[in-house]
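Asks: For reference, this is start-v4.cif, and it has mmCIF, C-alpha atoms.
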data_work
#
loop_
_atom_site.group_PDB
_atom_site.id
_atom_site.type_symbol
_atom_site.label_atom_id
_atom_site.label_comp_id
_atom_site.auth_asym_id
_atom_site.auth_seq_id
_atom_site.Cartn_x
_atom_site.Cartn_y
_atom_site.Cartn_z
ATOM 1 C CA MET O 1 19.395 23.644 -27.256
ATOM 2 C CA SER O 2 18.351 20.788 -24.959
ATOM 3 C CA TYR O 3 15.661 21.066 -22.368
ATOM 4 C CA PRO O 4 15.693 19.404 -18.978
ATOM 5 C CA GLN O 5 13.710 16.198 -18.718
ATOM 6 C CA LEU O 6 10.555 16.786 -16.709
ATOM 7 C CA LEU O 7 9.967 14.464 -13.784
ATOM 8 C CA THR O 8 6.876 12.332 -13.455
ATOM 9 C CA PRO O 9 4.798 13.148 -10.373
ATOM 10 C CA GLU O 10 6.078 9.951 -8.735
ATOM 11 C CA GLU O 11 9.705 10.915 -9.446
ATOM 12 C CA ALA O 12 9.157 14.421 -8.097
ATOM 13 C CA LEU O 13 7.528 13.018 -4.971
ATOM 14 C CA GLY O 14 10.384 10.556 -4.452
ATOM 15 C CA GLN O 15 13.032 13.254 -4.862
ATOM 16 C CA GLY O 16 11.121 15.562 -2.524
ATOM 17 C CA MET O 17 10.926 12.883 0.163
ATOM 18 C CA LEU O 18 14.659 12.215 -0.175
ATOM 19 C CA ARG O 19 15.457 15.938 0.127
ATOM 20 C CA LEU O 20 13.218 16.172 3.195
ATOM 21 C CA GLY O 21 14.975 13.205 4.802
ATOM 22 C CA ILE O 22 11.796 11.136 5.027
ATOM 23 C CA PRO O 23 12.635 7.519 5.901
ATOM 24 C CA GLU O 24 11.830 4.647 3.573
ATOM 25 C CA ILE O 25 8.097 4.036 3.243
ATOM 26 C CA VAL O 26 7.025 0.403 2.973
ATOM 27 C CA VAL O 27 3.477 -0.655 2.139
ATOM 28 C CA ILE O 28 2.298 -4.065 3.242
ATOM 29 C CA CYS O 29 -0.042 -5.904 0.904
ATOM 30 C CA GLY O 30 -1.795 -9.222 1.256
ATOM 31 C CA SER O 31 -5.003 -10.894 2.261
ATOM 32 C CA THR O 32 -6.560 -9.507 5.425
ATOM 33 C CA ARG O 33 -6.577 -13.081 6.741
ATOM 34 C CA PHE O 34 -2.910 -12.342 7.513
ATOM 35 C CA MET O 35 -3.517 -9.251 9.672
ATOM 36 C CA ASP O 36 -1.458 -10.738 12.550
ATOM 37 C CA GLU O 37 1.474 -11.357 10.192
ATOM 38 C CA MET O 38 1.088 -7.827 8.798
ATOM 39 C CA ALA O 39 1.221 -6.407 12.317
ATOM 40 C CA ALA O 40 4.401 -8.409 13.027
ATOM 41 C CA ALA O 41 6.027 -7.171 9.793
ATOM 42 C CA ASP O 42 4.928 -3.614 10.670
ATOM 43 C CA ARG O 43 6.628 -3.848 14.084
ATOM 44 C CA GLU O 44 9.863 -5.237 12.617
ATOM 45 C CA LEU O 45 10.064 -2.674 9.804
ATOM 46 C CA THR O 46 9.158 0.187 12.135
ATOM 47 C CA TRP O 47 11.857 -0.973 14.554
ATOM 48 C CA GLN O 48 14.320 -0.857 11.641
ATOM 49 C CA GLY O 49 13.356 2.760 10.949
ATOM 50 C CA ALA O 50 10.832 2.502 8.106
ATOM 51 C CA ILE O 51 7.473 4.206 7.856
ATOM 52 C CA VAL O 52 4.970 1.389 7.356
ATOM 53 C CA VAL O 53 1.488 1.559 5.867
ATOM 54 C CA LYS O 54 -0.845 -1.399 5.614
ATOM 55 C CA PRO O 55 -4.532 -2.212 5.343
ATOM 56 C CA GLY O 56 -6.352 -0.539 8.211
ATOM 57 C CA CYS O 57 -9.696 -2.330 7.903
ATOM 58 C CA ASP O 58 -10.303 -6.064 7.987
ATOM 59 C CA MET O 59 -13.708 -6.363 6.381
ATOM 60 C CA LYS O 60 -13.745 -10.106 7.127
ATOM 61 C CA THR O 61 -14.220 -9.172 10.791
ATOM 62 C CA PRO O 62 -17.729 -7.877 11.552
ATOM 63 C CA ASP O 63 -17.927 -4.170 12.322
ATOM 64 C CA PRO O 64 -20.769 -1.627 12.364
ATOM 65 C CA LEU O 65 -18.934 0.438 9.734
ATOM 66 C CA TRP O 66 -19.543 -2.199 7.060
ATOM 67 C CA ALA O 67 -22.553 -4.040 8.484
ATOM 68 C CA ASP O 68 -24.859 -2.653 5.791
ATOM 69 C CA PRO O 69 -24.127 -4.419 2.455
ATOM 70 C CA ALA O 70 -24.401 -1.192 0.430
ATOM 71 C CA ASP O 71 -22.016 0.593 2.817
ATOM 72 C CA ALA O 72 -19.671 -2.390 2.677
ATOM 73 C CA GLU O 73 -19.534 -2.372 -1.132
ATOM 74 C CA ALA O 74 -18.924 1.384 -1.316
ATOM 75 C CA GLY O 75 -16.344 1.102 1.446
ATOM 76 C CA LYS O 76 -14.469 -1.672 -0.349
ATOM 77 C CA VAL O 77 -14.164 0.475 -3.473
ATOM 78 C CA ARG O 78 -12.954 3.408 -1.357
ATOM 79 C CA LEU O 79 -10.471 1.229 0.565
ATOM 80 C CA ASP O 80 -9.071 -0.243 -2.673
ATOM 81 C CA GLY O 81 -8.404 3.276 -3.964
ATOM 82 C CA LEU O 82 -6.842 4.265 -0.664
ATOM 83 C CA HIS O 83 -4.518 1.255 -0.764
ATOM 84 C CA ARG O 84 -3.437 2.128 -4.315
ATOM 85 C CA ALA O 85 -2.561 5.618 -3.012
ATOM 86 C CA LYS O 86 -0.497 4.001 -0.240
ATOM 87 C CA ILE O 87 1.339 1.974 -2.877
ATOM 88 C CA ARG O 88 2.017 5.137 -4.868
ATOM 89 C CA LEU O 89 3.664 6.710 -1.797
ATOM 90 C CA ALA O 90 5.741 3.647 -0.953
ATOM 91 C CA TRP O 91 9.347 3.056 -1.846
ATOM 92 C CA ARG O 92 8.754 -0.673 -1.747
ATOM 93 C CA VAL O 93 5.985 -3.216 -1.297
ATOM 94 C CA LEU O 94 6.048 -6.210 1.034
ATOM 95 C CA VAL O 95 3.530 -8.960 0.285
ATOM 96 C CA VAL O 96 2.651 -10.906 3.440
ATOM 97 C CA GLY O 97 1.148 -14.386 3.612
ATOM 98 C CA ASP O 98 1.251 -17.512 1.530
ATOM 99 C CA TYR O 99 -2.002 -16.818 -0.320
ATOM 100 C CA ILE O 100 -2.206 -14.273 -3.130
ATOM 101 C CA GLY O 101 -5.743 -13.575 -4.273
ATOM 102 C CA ASP O 102 -7.103 -11.369 -7.025
ATOM 103 C CA SER O 103 -6.983 -8.195 -4.937
ATOM 104 C CA THR O 104 -3.334 -8.700 -3.943
ATOM 105 C CA ARG O 105 -2.450 -9.556 -7.548
ATOM 106 C CA ARG O 106 -4.019 -6.259 -8.681
ATOM 107 C CA GLU O 107 -2.017 -4.402 -6.027
ATOM 108 C CA MET O 108 1.187 -6.093 -7.173
ATOM 109 C CA ARG O 109 0.476 -5.124 -10.800
ATOM 110 C CA TRP O 110 -0.338 -1.554 -9.688
ATOM 111 C CA ALA O 111 2.995 -1.343 -7.842
ATOM 112 C CA HIS O 112 4.934 -2.875 -10.729
ATOM 113 C CA MET O 113 3.391 -0.419 -13.212
ATOM 114 C CA ARG O 114 4.620 2.440 -11.039
ATOM 115 C CA GLY O 115 8.119 1.059 -10.709
#
Here is a file; write its structure as structure tokens.
Replies:
Amino acid sequence: MSYPQLLTPEEALGQGMLRLGIPEIVVICGSTRFMDEMAAADRELTWQGAIVVKPGCDMKTPDPLWADPADAEAGKVRLDGLHRAKIRLAWRVLVVGDYIGDSTRREMRWAHMRG
């Protein structure tokens, strides 16, 4: 007797989104120095009917939320984890900009490991 192959959580999520009719989800990755380019890609993809997620905080721009160095370091760790969760939800990844640093490379590896 054969047993059905169990789905990975990612496969189950993907099938559930398809059955619910959720549009394609695209995550934008790249250096926050390209926030303007990310916003342009977001507009274009949204116009085409995709759900777009991208970095929401540009820590290179001063802000009271990350003015304290200890808060900034803890926030960066939290934001990195949040972005990995966005990648897990996405159907595809779009890397924006002509510079790929260590952080973007890690995100690309994370996405590749999850198919």
Asks: Would you list the contacts of Lys54 (chain O) as a ChimeraX atom specification, taking every protein, DNA or RNA residue within 10 Å and counting only C-alpha atoms, but skipping same-chain residues closer than 5 positions in sequence?
Replies: /O:26-30,32,35,38-39,41-42,83,86-87,93-94
Asks: For each of O:Ser31, O:Asp68, O:Gln15, O:Thr8, take the minimum atom-to-atom distance to Gly101 (chain O), counting only C-alpha atoms, then give the residue where this is smallest.
Replies: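 Of the candidates, the smallest distance to Gly101 (chain O) is held by O:Ser31.
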Asks: Report as number ranges by chain all protein, DNA and RNA residues lying within 12 Å of Leu82 (chain O), evaluated on all atoms listed in the file, omitting residues in the same chain fewer than 2 positions from it.
Replies: O: 27, 53-57, 75-80, 84-89, 107
Asks: Tell me which residues the PyMOL selection byres ((chain O and resi 22) around 12) grabs here, as a list in words.
Replies: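 That expression, the PyMOL selection byres ((chain O and resi 22) around 12), corresponds here to Leu13, Gly14, Gln15, Gly16, Met17, Leu18, Arg19, Leu20, Gly21, Pro23, Glu24, Ile25, Val26, Gly49, Ala50, Ile51, Leu89, Ala90 and Trp91 of chain O.
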Asks: For each of O:Gln48, O:Gln5, O:Trp66, O:Arg33, take the minimum atom-to-atom distance to Thr104 (chain O), counting all atoms listed in the file, then give the residue where this is smallest.
Replies: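 Counting all atoms listed in the file, the residue closest to Thr104 (chain O) is O:Arg33.
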